[in-house]
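Enquirer: Just dropping this structure here.
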Amino acid sequence: MGEIHRFNKIEDAIACIKEISESSFKQEVCGFLGFDYDTDRYLVQEETNISPDPSAYFLISPLNYLLFKEDYGMVAVFHSHIV
């Protein structure tokens, strides 16, 4: 599981996702956008792409997905396209 970035506004969370997505041009990046109801903040967590072919596909650990979803309100799963 990657580092969690916390934001007060959805626009800032989306800007973080864009920055993460532009960080790699050799493989797809992926992660979660969530909401923490306890702190009233949006969360972005980058995940490791465990796909056998990360330049064409993305695959997130199902355990990481379930752990994130257990702790936070899942808003979206994001991934980039390198082509």
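The chains in the structure tokens are called A, B, ... from first to last as shown; in each chain the residues are counted from 1, and the ligands are counted from 1 in the order shown.
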Skip stretch 33-50 of chain A itself and residues of its chain fewer than 3 positions away, then list as number ranges by chain all residues within 7 Å of it, counting only C-alpha atoms.

Expert: A: 1-10, 13, 29-30, 54, 58-60, 72-77

Enquirer: Can you tell me, as a list of chain:residue names, what residues are no more than 10 Å from A:Ser24 when counting only C-alpha atoms, ignoring any on the same chain fewer than 5 positions away?

Expert: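 Close residues of A:Ser24: A:Glu19, A:Val29, A:Ser55, A:Ser80, A:His81, A:Ile82.
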
Enquirer: If I take atom CA of A:His79 and atom CA of A:Gly31, how far is one from the other in Å, to one decimal?

Expert: 6.5 Å

Enquirer: Write out as a ChimeraX atom specification all residues of chain A that backbone DSSP assigns to alpha helix (DSSP H).

Expert: /A:10-21,62-71

Enquirer: Just the number, please: distance in Å from atom CA of A:Asp53 to atom CA of A:Ala15, one decimal.

Expert: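 Separating atom CA of A:Asp53 from atom CA of A:Ala15 is a distance of 26.5 Å.
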
Enquirer: Calculated over only C-alpha atoms, which of the candidates A:Phe78, A:Leu67, A:Ala56, A:Pro62 has the smallest distance to A:Ser21?

Expert: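 Ranking A:Phe78, A:Leu67, A:Ala56, A:Pro62 by distance to A:Ser21, first place goes to A:Phe78.
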
Enquirer: Rounded to one decimal in Å, what is the spacing between atom CA of A:Ser61 and atom CA of A:Ile14?

Expert: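 Between atom CA of A:Ser61 and atom CA of A:Ile14 the gap works out to 22.1 Å.
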